[in-house]
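> For reference, the file entry.cif (mmCIF, C-alpha atoms) is included below:
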```cif
data_protein
loop_
_atom_site.group_PDB
_atom_site.id
_atom_site.type_symbol
_atom_site.label_atom_id
_atom_site.label_comp_id
_atom_site.auth_asym_id
_atom_site.auth_seq_id
_atom_site.Cartn_x
_atom_site.Cartn_y
_atom_site.Cartn_z
ATOM 1 C CA MET A 1 0.000 0.000 0.000
ATOM 2 C CA ASP A 2 2.876 2.361 0.879
ATOM 3 C CA ARG A 3 4.488 1.648 -2.445
ATOM 4 C CA ILE A 4 1.252 2.424 -4.291
ATOM 5 C CA GLY A 5 0.951 5.699 -2.377
ATOM 6 C CA GLU A 6 4.538 6.625 -3.151
ATOM 7 C CA ALA A 7 4.024 5.776 -6.807
ATOM 8 C CA ALA A 8 0.877 7.916 -6.955
ATOM 9 C CA ILE A 9 2.609 10.903 -5.348
ATOM 10 C CA SER A 10 5.609 10.449 -7.648
ATOM 11 C CA ALA A 11 3.297 10.363 -10.665
ATOM 12 C CA ILE A 12 1.630 13.608 -9.567
ATOM 13 C CA PHE A 13 5.002 15.342 -9.235
ATOM 14 C CA VAL A 14 6.210 13.982 -12.578
ATOM 15 C CA VAL A 15 3.082 15.245 -14.348
ATOM 16 C CA TRP A 16 3.338 18.592 -12.543
ATOM 17 C CA TRP A 17 6.983 18.905 -13.574
ATOM 18 C CA ALA A 18 6.226 17.948 -17.185
ATOM 19 C CA VAL A 19 3.341 20.421 -17.499
ATOM 20 C CA SER A 20 5.462 23.153 -15.869
ATOM 21 C CA ALA A 21 8.260 22.451 -18.345
ATOM 22 C CA LEU A 22 5.821 22.603 -21.291
ATOM 23 C CA ASN A 23 4.506 25.890 -19.963
ATOM 24 C CA GLN A 24 7.877 27.561 -20.545
ATOM 25 C CA PHE A 25 7.551 27.276 -24.361
ATOM 26 C CA HIS A 26 5.636 29.641 -26.652
ATOM 27 C CA SER A 27 4.608 31.765 -23.679
ATOM 28 C CA GLY A 28 2.565 28.905 -22.257
ATOM 29 C CA ALA A 29 0.318 28.556 -25.302
ATOM 30 C CA TRP A 30 0.457 24.726 -25.192
ATOM 31 C CA THR A 31 -0.878 24.576 -21.639
ATOM 32 C CA HIS A 32 -3.219 27.541 -21.847
ATOM 33 C CA ARG A 33 -6.446 25.512 -21.524
ATOM 34 C CA LEU A 34 -5.103 23.322 -18.745
ATOM 35 C CA ARG A 35 -3.939 26.333 -16.699
ATOM 36 C CA GLY A 36 -7.515 27.552 -16.564
ATOM 37 C CA HIS A 37 -8.446 24.467 -14.512
ATOM 38 C CA VAL A 38 -5.463 24.503 -12.165
ATOM 39 C CA PRO A 39 -6.018 26.642 -9.046
ATOM 40 C CA PHE A 40 -3.520 28.844 -7.202
ATOM 41 C CA GLY A 41 -1.271 29.376 -10.229
ATOM 42 C CA LEU A 42 0.450 26.049 -9.628
ATOM 43 C CA ILE A 43 1.725 25.944 -13.207
ATOM 44 C CA PRO A 44 4.565 28.483 -13.160
ATOM 45 C CA LEU A 45 5.868 30.600 -16.009
ATOM 46 C CA TRP A 46 9.337 32.047 -15.532
ATOM 47 C CA THR A 47 9.716 34.636 -18.256
ATOM 48 C CA PHE A 48 9.597 37.966 -16.473
ATOM 49 C CA PHE A 49 13.288 38.822 -16.274
ATOM 50 C CA ALA A 50 14.830 36.251 -18.546
ATOM 51 C CA PRO A 51 15.851 35.809 -21.229
ATOM 52 C CA ASN A 52 14.447 39.105 -22.542
ATOM 53 C CA PRO A 53 13.176 41.548 -19.938
ATOM 54 C CA ALA A 54 10.312 43.668 -21.259
ATOM 55 C CA ARG A 55 11.239 47.303 -21.680
ATOM 56 C CA THR A 56 8.415 48.476 -23.892
ATOM 57 C CA ASP A 57 5.224 50.462 -23.443
ATOM 58 C CA THR A 58 2.169 49.555 -25.491
ATOM 59 C CA ARG A 59 0.245 52.541 -26.785
ATOM 60 C CA ILE A 60 -2.906 53.044 -28.806
ATOM 61 C CA VAL A 61 -2.943 55.836 -31.367
ATOM 62 C CA TRP A 62 -5.953 56.786 -33.429
ATOM 63 C CA ARG A 63 -7.044 59.191 -36.116
ATOM 64 C CA ALA A 64 -10.397 60.438 -37.335
ATOM 65 C CA GLU A 65 -11.783 61.079 -40.788
ATOM 66 C CA GLN A 66 -13.762 64.310 -40.866
ATOM 67 C CA ALA A 67 -16.989 64.958 -42.770
ATOM 68 C CA GLU A 68 -15.242 67.376 -45.090
ATOM 69 C CA GLY A 69 -12.793 64.623 -46.000
ATOM 70 C CA GLY A 70 -9.266 63.900 -44.991
ATOM 71 C CA TRP A 71 -7.802 62.260 -41.930
ATOM 72 C CA SER A 72 -6.697 64.064 -38.804
ATOM 73 C CA GLY A 73 -3.244 63.530 -37.389
ATOM 74 C CA TRP A 74 -2.646 60.574 -35.085
ATOM 75 C CA ARG A 75 -3.464 61.064 -31.410
ATOM 76 C CA GLU A 76 -2.698 58.895 -28.450
ATOM 77 C CA ILE A 77 -5.054 57.404 -25.893
ATOM 78 C CA TYR A 78 -2.923 58.213 -22.893
ATOM 79 C CA PHE A 79 -3.745 57.018 -19.410
ATOM 80 C CA GLY A 80 -0.535 58.240 -17.882
ATOM 81 C CA TYR A 81 1.881 56.455 -15.594
ATOM 82 C CA ALA A 82 2.035 56.837 -11.843
ATOM 83 C CA PRO A 83 5.034 58.755 -10.464
ATOM 84 C CA VAL A 84 7.699 56.494 -9.035
ATOM 85 C CA TRP A 85 7.247 57.748 -5.460
ATOM 86 C CA ARG A 86 3.688 56.366 -5.193
ATOM 87 C CA ARG A 87 3.768 53.637 -7.838
ATOM 88 C CA TRP A 88 4.569 50.980 -5.225
ATOM 89 C CA ILE A 89 1.435 51.647 -3.159
ATOM 90 C CA VAL A 90 -1.168 53.530 -5.245
ATOM 91 C CA ASN A 91 -1.112 52.899 -8.967
ATOM 92 C CA PRO A 92 -4.546 53.203 -10.576
ATOM 93 C CA GLU A 93 -2.970 54.105 -13.910
ATOM 94 C CA MET A 94 -1.540 50.619 -14.050
ATOM 95 C CA THR A 95 -5.035 49.126 -14.422
ATOM 96 C CA PHE A 96 -5.725 51.026 -17.647
ATOM 97 C CA ASN A 97 -2.297 50.399 -19.135
ATOM 98 C CA LYS A 98 -2.490 46.741 -18.183
ATOM 99 C CA ALA A 99 -5.939 46.462 -19.770
ATOM 100 C CA VAL A 100 -4.583 47.870 -23.038
ATOM 101 C CA ASN A 101 -1.676 45.421 -22.855
ATOM 102 C CA ASP A 102 -4.050 42.516 -22.257
ATOM 103 C CA LEU A 103 -6.322 43.543 -25.127
ATOM 104 C CA VAL A 104 -3.412 43.924 -27.548
ATOM 105 C CA ASN A 105 -2.001 40.605 -26.418
ATOM 106 C CA SER A 106 -5.377 38.947 -26.965
ATOM 107 C CA VAL A 107 -5.490 40.306 -30.517
ATOM 108 C CA ALA A 108 -1.968 39.008 -31.115
ATOM 109 C CA ARG A 109 -2.870 35.567 -29.772
ATOM 110 C CA VAL A 110 -6.038 35.079 -31.786
ATOM 111 C CA ARG A 111 -4.807 36.697 -34.992
ATOM 112 C CA PRO A 112 -2.885 33.688 -36.360
ATOM 113 C CA GLU A 113 -5.880 31.418 -35.770
ATOM 114 C CA THR A 114 -8.433 33.446 -37.649
ATOM 115 C CA SER A 115 -8.760 34.756 -41.194
ATOM 116 C CA GLU A 116 -7.416 38.151 -42.207
ATOM 117 C CA ARG A 117 -10.683 39.973 -41.490
ATOM 118 C CA GLY A 118 -11.781 37.561 -38.779
ATOM 119 C CA ILE A 119 -9.881 39.688 -36.294
ATOM 120 C CA LEU A 120 -12.629 42.302 -36.689
ATOM 121 C CA LEU A 121 -15.032 40.086 -34.734
ATOM 122 C CA VAL A 122 -12.654 39.147 -31.963
ATOM 123 C CA SER A 123 -13.774 40.564 -28.617
ATOM 124 C CA SER A 124 -10.452 42.236 -27.799
ATOM 125 C CA TYR A 125 -10.426 44.038 -31.155
ATOM 126 C CA LEU A 126 -13.994 45.223 -30.567
ATOM 127 C CA THR A 127 -13.068 46.484 -27.117
ATOM 128 C CA LEU A 128 -10.086 48.430 -28.485
ATOM 129 C CA LEU A 129 -12.295 49.891 -31.206
ATOM 130 C CA SER A 130 -14.901 50.939 -28.636
ATOM 131 C CA LEU A 131 -12.158 52.667 -26.621
ATOM 132 C CA VAL A 132 -11.108 54.588 -29.718
ATOM 133 C CA GLU A 133 -14.711 55.496 -30.620
ATOM 134 C CA ALA A 134 -15.287 56.809 -27.102
ATOM 135 C CA GLU A 135 -12.122 58.896 -27.329
ATOM 136 C CA ALA A 136 -13.046 60.257 -30.770
ATOM 137 C CA ALA A 137 -16.732 60.894 -30.012
ATOM 138 C CA THR A 138 -16.338 64.632 -29.387
ATOM 139 C CA ASP A 139 -14.886 65.079 -32.893
ATOM 140 C CA ARG A 140 -18.002 63.518 -34.475
ATOM 141 C CA PRO A 141 -15.846 61.781 -37.085
ATOM 142 C CA GLU A 142 -17.000 59.962 -40.210
ATOM 143 C CA ALA A 143 -14.580 57.140 -39.569
ATOM 144 C CA VAL A 144 -11.838 56.126 -37.151
ATOM 145 C CA GLN A 145 -8.711 54.033 -37.441
ATOM 146 C CA PHE A 146 -6.288 52.929 -34.753
ATOM 147 C CA ALA A 147 -2.833 51.481 -34.474
ATOM 148 C CA VAL A 148 -0.869 49.769 -31.734
ATOM 149 C CA VAL A 149 2.586 51.182 -31.171
ATOM 150 C CA ARG A 150 5.261 49.818 -28.872
ATOM 151 C CA THR A 151 7.841 52.250 -27.587
ATOM 152 C CA ALA A 152 11.169 51.621 -25.918
ATOM 153 C CA ILE A 153 13.878 53.862 -24.572
ATOM 154 C CA GLY A 154 16.541 54.286 -27.239
ATOM 155 C CA ALA A 155 20.023 55.739 -27.043
ATOM 156 C CA GLU A 156 18.901 59.323 -27.695
ATOM 157 C CA ALA A 157 15.156 59.222 -28.304
ATOM 158 C CA ARG A 158 12.322 56.768 -27.827
ATOM 159 C CA ASP A 159 12.237 53.992 -30.411
ATOM 160 C CA PHE A 160 8.874 52.865 -31.669
ATOM 161 C CA SER A 161 7.473 50.099 -33.790
ATOM 162 C CA ILE A 162 4.028 49.786 -35.342
ATOM 163 C CA VAL A 163 2.738 46.370 -34.367
ATOM 164 C CA PHE A 164 -0.852 46.580 -35.511
ATOM 165 C CA LEU A 165 -2.928 48.703 -37.846
ATOM 166 C CA SER A 166 -6.712 48.505 -37.868
ATOM 167 C CA GLU A 167 -9.030 48.928 -40.807
ATOM 168 C CA PRO A 168 -10.865 52.248 -41.039
ATOM 169 C CA HIS A 169 -14.287 51.930 -39.422
ATOM 170 C CA ALA A 170 -17.337 54.102 -39.996
ATOM 171 C CA ALA A 171 -18.036 55.980 -36.774
ATOM 172 C CA GLY A 172 -21.242 57.087 -35.125
ATOM 173 C CA GLY A 173 -22.487 53.701 -34.024
ATOM 174 C CA THR A 174 -23.356 52.763 -30.501
ATOM 175 C CA LEU A 175 -20.926 52.311 -27.656
ATOM 176 C CA ALA A 176 -21.439 48.995 -25.999
ATOM 177 C CA HIS A 177 -19.697 46.518 -23.798
ATOM 178 C CA VAL A 178 -18.615 43.301 -25.452
ATOM 179 C CA GLN A 179 -20.372 40.293 -23.989
ATOM 180 C CA GLN A 180 -18.267 37.197 -23.463
ATOM 181 C CA SER A 181 -21.080 34.678 -23.456
ATOM 182 C CA MET B 1 12.662 70.169 -29.735
ATOM 183 C CA GLU B 2 10.357 68.304 -27.324
ATOM 184 C CA LYS B 3 12.073 65.989 -24.890
ATOM 185 C CA ALA B 4 10.246 62.690 -24.474
ATOM 186 C CA ALA B 5 9.974 61.223 -20.982
ATOM 187 C CA PRO B 6 10.474 57.426 -21.022
ATOM 188 C CA SER B 7 6.819 56.680 -20.289
ATOM 189 C CA GLY B 8 5.409 60.105 -21.019
ATOM 190 C CA LYS B 9 2.833 60.943 -23.637
ATOM 191 C CA LEU B 10 3.963 60.676 -27.236
ATOM 192 C CA THR B 11 5.183 64.028 -28.495
ATOM 193 C CA ALA B 12 3.848 65.739 -31.617
ATOM 194 C CA LEU B 13 7.098 64.883 -33.381
ATOM 195 C CA GLU B 14 6.784 61.216 -32.469
ATOM 196 C CA LEU B 15 3.173 61.137 -33.674
ATOM 197 C CA VAL B 16 4.286 62.601 -37.008
ATOM 198 C CA SER B 17 7.024 59.959 -37.205
ATOM 199 C CA ILE B 18 4.412 57.288 -36.513
ATOM 200 C CA ASP B 19 2.266 58.748 -39.288
ATOM 201 C CA PHE B 20 5.184 58.513 -41.719
ATOM 202 C CA ALA B 21 5.909 54.940 -40.638
ATOM 203 C CA ILE B 22 2.273 53.865 -41.101
ATOM 204 C CA THR B 23 2.078 55.597 -44.481
ATOM 205 C CA ALA B 24 5.248 53.801 -45.540
ATOM 206 C CA LEU B 25 3.850 50.443 -44.377
ATOM 207 C CA GLN B 26 0.642 51.026 -46.294
ATOM 208 C CA ALA B 27 2.551 52.180 -49.369
ATOM 209 C CA ALA B 28 4.514 48.938 -49.161
ATOM 210 C CA GLY B 29 1.218 47.037 -49.323
ATOM 211 C CA HIS B 30 0.946 45.851 -45.736
ATOM 212 C CA LYS B 31 -2.555 44.873 -44.629
ATOM 213 C CA ILE B 32 -4.251 44.713 -41.260
ATOM 214 C CA ASN B 33 -2.782 41.359 -40.244
ATOM 215 C CA ASP B 34 0.741 41.457 -41.532
ATOM 216 C CA VAL B 35 2.039 44.627 -39.953
ATOM 217 C CA ALA B 36 3.194 42.827 -36.816
ATOM 218 C CA LYS B 37 5.772 40.105 -37.294
ATOM 219 C CA ASP B 38 6.249 37.346 -34.770
ATOM 220 C CA ASP B 39 10.018 37.677 -35.006
ATOM 221 C CA ASN B 40 9.881 41.201 -33.613
ATOM 222 C CA PRO B 41 11.952 40.875 -30.417
ATOM 223 C CA ARG B 42 10.110 43.708 -28.689
ATOM 224 C CA GLN B 43 6.805 41.976 -29.319
ATOM 225 C CA GLN B 44 8.194 38.738 -27.938
ATOM 226 C CA GLN B 45 9.432 40.585 -24.873
ATOM 227 C CA ALA B 46 6.046 42.143 -24.349
ATOM 228 C CA GLU B 47 4.297 38.802 -24.735
ATOM 229 C CA ALA B 48 6.606 37.315 -22.131
ATOM 230 C CA TRP B 49 5.758 40.183 -19.822
ATOM 231 C CA MET B 50 2.052 39.697 -20.419
ATOM 232 C CA ASP B 51 2.076 36.000 -19.646
ATOM 233 C CA ALA B 52 4.143 36.433 -16.540
ATOM 234 C CA HIS B 53 1.602 38.832 -15.174
ATOM 235 C CA HIS B 54 -1.473 36.787 -16.015
ATOM 236 C CA PRO B 55 -3.998 38.930 -17.875
ATOM 237 C CA LEU B 56 -6.641 40.775 -15.921
ATOM 238 C CA ALA B 57 -9.147 39.545 -18.477
ATOM 239 C CA GLU B 58 -8.525 36.622 -20.821
ATOM 240 C CA LEU B 59 -10.668 37.316 -23.842
ATOM 241 C CA THR B 60 -9.416 34.699 -26.242
ATOM 242 C CA ASP B 61 -11.009 31.488 -24.942
ATOM 243 C CA ARG B 62 -14.533 32.302 -26.096
ATOM 244 C CA ASP B 63 -13.176 33.630 -29.390
ATOM 245 C CA ARG B 64 -11.359 30.362 -30.002
ATOM 246 C CA GLU B 65 -14.576 28.417 -29.479
ATOM 247 C CA ILE B 66 -16.368 30.376 -32.190
ATOM 248 C CA ILE B 67 -13.419 30.933 -34.525
ATOM 249 C CA GLY B 68 -15.044 28.945 -37.343
ATOM 250 C CA GLN B 69 -18.136 31.134 -37.363
ATOM 251 C CA ILE B 70 -15.994 34.260 -37.033
ATOM 252 C CA LYS B 71 -14.059 33.300 -40.156
ATOM 253 C CA GLN B 72 -17.240 32.630 -42.099
ATOM 254 C CA LEU B 73 -19.049 35.807 -41.088
ATOM 255 C CA ALA B 74 -16.007 38.071 -41.355
ATOM 256 C CA GLY B 75 -15.861 37.385 -45.090
ATOM 257 C CA GLN B 76 -19.323 38.889 -45.474
ATOM 258 C CA LEU B 77 -18.549 42.169 -43.692
ATOM 259 C CA SER B 78 -18.508 45.328 -45.742
ATOM 260 C CA SER B 79 -15.466 47.557 -45.856
ATOM 261 C CA ARG B 80 -15.389 50.343 -43.261
ATOM 262 C CA VAL B 81 -17.895 48.421 -41.192
ATOM 263 C CA SER B 82 -18.902 50.316 -38.058
ATOM 264 C CA LEU B 83 -18.526 49.185 -34.442
ATOM 265 C CA LYS B 84 -22.297 48.789 -34.296
ATOM 266 C CA GLY B 85 -22.206 46.545 -37.368
ATOM 267 C CA LEU B 86 -19.406 44.470 -35.870
ATOM 268 C CA LEU B 87 -21.246 44.076 -32.576
ATOM 269 C CA GLU B 88 -24.401 42.972 -34.381
ATOM 270 C CA ALA B 89 -22.411 40.426 -36.384
ATOM 271 C CA ARG B 90 -20.747 39.163 -33.228
ATOM 272 C CA GLU B 91 -24.096 38.940 -31.462
ATOM 273 C CA LYS B 92 -25.407 36.807 -34.329
ATOM 274 C CA ILE B 93 -22.543 34.349 -33.821
ATOM 275 C CA VAL B 94 -22.809 34.255 -30.025
ATOM 276 C CA ARG B 95 -26.569 33.668 -30.173
ATOM 277 C CA GLY B 96 -26.021 30.983 -32.797
ATOM 278 C CA GLY B 97 -28.065 32.862 -35.380
#
```
Output the file's structure as structure tokens, nothing else.

Amino acid sequence: MDRIGEAAISAIFVVWWAVSALNQFHSGAWTHRLRGHVPFGLIPLWTFFAPNPARTDTRIVWRAEQAEGGWSGWREIYFGYAPVWRRWIVNPEMTFNKAVNDLVNSVARVRPETSERGILLVSSYLTLLSLVEAEAATDRPEAVQFAVVRTAIGAEARDFSIVFLSEPHAAGGTLAHVQQS
Amino acid sequence: MEKAAPSGKLTALELVSIDFAITALQAAGHKINDVAKDDNPRQQQAEAWMDAHHPLAELTDRDREIIGQIKQLAGQLSSRVSLKGLLEAREKIVRGG
């Protein structure tokens, strides 16, 4: 009986180890579904500092097409960043910036699985578009378009890269929350 | 010239640079889904950061379940479709219509 118990416990640890090892590849995409059923974050992912620490900010820029024709210049949806002195204890800005990061990451994850225009119906894309429409509402634009830009501190100035460009969308629709089920 | 703080708002000059970059990408024939490349190291870094911090809201699971219908319906969408139109199309899929 003791041997059976030891074997069972060993098997649990072996499976746990194997799943944890799998979780370190492709940002945990292979174990994504399983992780949802495992409580207390028992499947670890060690990618925060190594091998490539993240040093980028994700930003949403948008532009509006006016009734008289022509696009405005690009503008940023800026939530701001908490000053360092209070960032460790009160950091409400982090919630908004994190939400944008999560939404952009969701778009990036689903994009390879869907068709070129299928991304338009993905919930994270719709949420980003609703953010942009809300921001642009006072301009009463004919259409809006947004892009995702990642910035990093360069040697002299900030470096940036365009990581996503939306289609132009007719504006003036309704603002709504995206239902998940 | 404006001095950009590391995490400060994008300056007017940076926004103009972004405009030029987007115009160049479009002129080169890039479409909505091929602007971002998976081999972009900054994107990989950011994805690593995201996973390590477990998303506040994971939106992709439900999308994956209905990806087939999304593909089918997305092909029927008009160009410059509005947010309202997209939400109605999405609602049709979610309700199984």
> Can you tell me how far atom CA of Arg158 of chain A sits from atom CA of Glu93 of chain A, in Å to one decimal?
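Taking atom CA of Arg158 of chain A as the start and atom CA of Glu93 of chain A as the end point, the length is 20.8 Å.
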> For a cutoff of 12 Å around the file-coordinate point (-22.3, 60.6, -33.8), which residues qualify once you count all atoms listed in the file? I'd like the result as an mmCIF file with C-alpha atoms, keeping the file's coordinate frame.

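Output below, filename result-v4.cif:
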```
data_model
loop_
_atom_site.group_PDB
_atom_site.id
_atom_site.type_symbol
_atom_site.label_atom_id
_atom_site.label_comp_id
_atom_site.auth_asym_id
_atom_site.auth_seq_id
_atom_site.Cartn_x
_atom_site.Cartn_y
_atom_site.Cartn_z
ATOM 1 C CA GLN A 66 -13.762 64.310 -40.866
ATOM 2 C CA ALA A 67 -16.989 64.958 -42.770
ATOM 3 C CA GLU A 133 -14.711 55.496 -30.620
ATOM 4 C CA ALA A 134 -15.287 56.809 -27.102
ATOM 5 C CA ALA A 136 -13.046 60.257 -30.770
ATOM 6 C CA ALA A 137 -16.732 60.894 -30.012
ATOM 7 C CA THR A 138 -16.338 64.632 -29.387
ATOM 8 C CA ASP A 139 -14.886 65.079 -32.893
ATOM 9 C CA ARG A 140 -18.002 63.518 -34.475
ATOM 10 C CA PRO A 141 -15.846 61.781 -37.085
ATOM 11 C CA GLU A 142 -17.000 59.962 -40.210
ATOM 12 C CA ALA A 143 -14.580 57.140 -39.569
ATOM 13 C CA VAL A 144 -11.838 56.126 -37.151
ATOM 14 C CA ALA A 170 -17.337 54.102 -39.996
ATOM 15 C CA ALA A 171 -18.036 55.980 -36.774
ATOM 16 C CA GLY A 172 -21.242 57.087 -35.125
ATOM 17 C CA GLY A 173 -22.487 53.701 -34.024
ATOM 18 C CA THR A 174 -23.356 52.763 -30.501
ATOM 19 C CA LEU A 175 -20.926 52.311 -27.656
ATOM 20 C CA SER B 82 -18.902 50.316 -38.058
ATOM 21 C CA LYS B 84 -22.297 48.789 -34.296
#
```
> Using atom CA of Gly36 of chain A and atom CA of Phe96 of chain A as the two end points, give the distance in Å to one decimal.
23.6 Å
> Could you name the residues that touch Leu83 of chain B at 12 Å or less, counting all atoms listed in the file, but leaving out those on the same chain fewer than 2 positions away, as a ChimeraX atom specification?
/A:120-123,125-134,143-145,167-178 /B:77-81,85-90
> Measure the distance from atom CA of Asn105 of chain A to atom CA of Ile70 of chain B in Å and round it to one decimal.
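Calculated distance between atom CA of Asn105 of chain A and atom CA of Ile70 of chain B is 18.7 Å.
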> Under the rule that only C-alpha atoms are counted, which of A:Pro83, A:Arg109, A:Trp74, A:Ile89 is the nearest residue to Thr11 of chain B?
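With only C-alpha atoms as the atom set, the closest residue is A:Trp74.
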> For chain A, which residue out of B:Thr23, B:Ile66, B:Leu15, B:Gln76 is the nearest one, using all atoms listed in the file?
B:Leu15
> Considering all atoms listed in the file, state which residue in the set A:Phe146, A:Gly118, A:Asp2, A:Ile162 is at the smallest distance from Gly73 of chain A.
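Using all atoms listed in the file, Gly73 of chain A sits closest to A:Phe146.
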> Just checking: using only C-alpha atoms, which residue out of A:Val90, A:Val107, A:Ala8, A:Ile119 ends up closest to Ala74 of chain B?
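Ranking A:Val90, A:Val107, A:Ala8, A:Ile119 by distance to Ala74 of chain B, first place goes to A:Ile119.
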> Looking at A:Arg86, A:Arg35, A:Arg3, A:Arg75, which one is nearest to chain B, with distances taken over all atoms listed in the file?
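Ranking A:Arg86, A:Arg35, A:Arg3, A:Arg75 by distance to chain B, first place goes to A:Arg75.
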> Quick one: everything within 8 Å of Ile43 of chain A, counting only C-alpha atoms, minus sequence neighbours fewer than 6 positions away in the same chain. Send it as a PDB file with C-alpha atoms, in the coordinates of the input.

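Writing the result to selection_15.pdb gives the following:
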```pdb
ATOM      1  CA  TRP A  16       3.338  18.592 -12.543  1.00  0.00           C
ATOM      2  CA  VAL A  19       3.341  20.421 -17.499  1.00  0.00           C
ATOM      3  CA  SER A  20       5.462  23.153 -15.869  1.00  0.00           C
ATOM      4  CA  ASN A  23       4.506  25.890 -19.963  1.00  0.00           C
ATOM      5  CA  ARG A  35      -3.939  26.333 -16.699  1.00  0.00           C
TER       6      ARG A  35
END
```
> Choose the residue, out of B:Phe20, B:Ser7, B:Ala27, B:Lys92, that has the smallest atom-to-atom separation from chain A; count all atoms listed in the file.
B:Ser7
> Once the PyMOL selection byres ((chain A and resi 77) around 6) has been evaluated on this model, what residues remain selected, and can you format them as a list in words?
Ile60, Glu76 and Tyr78 of chain A
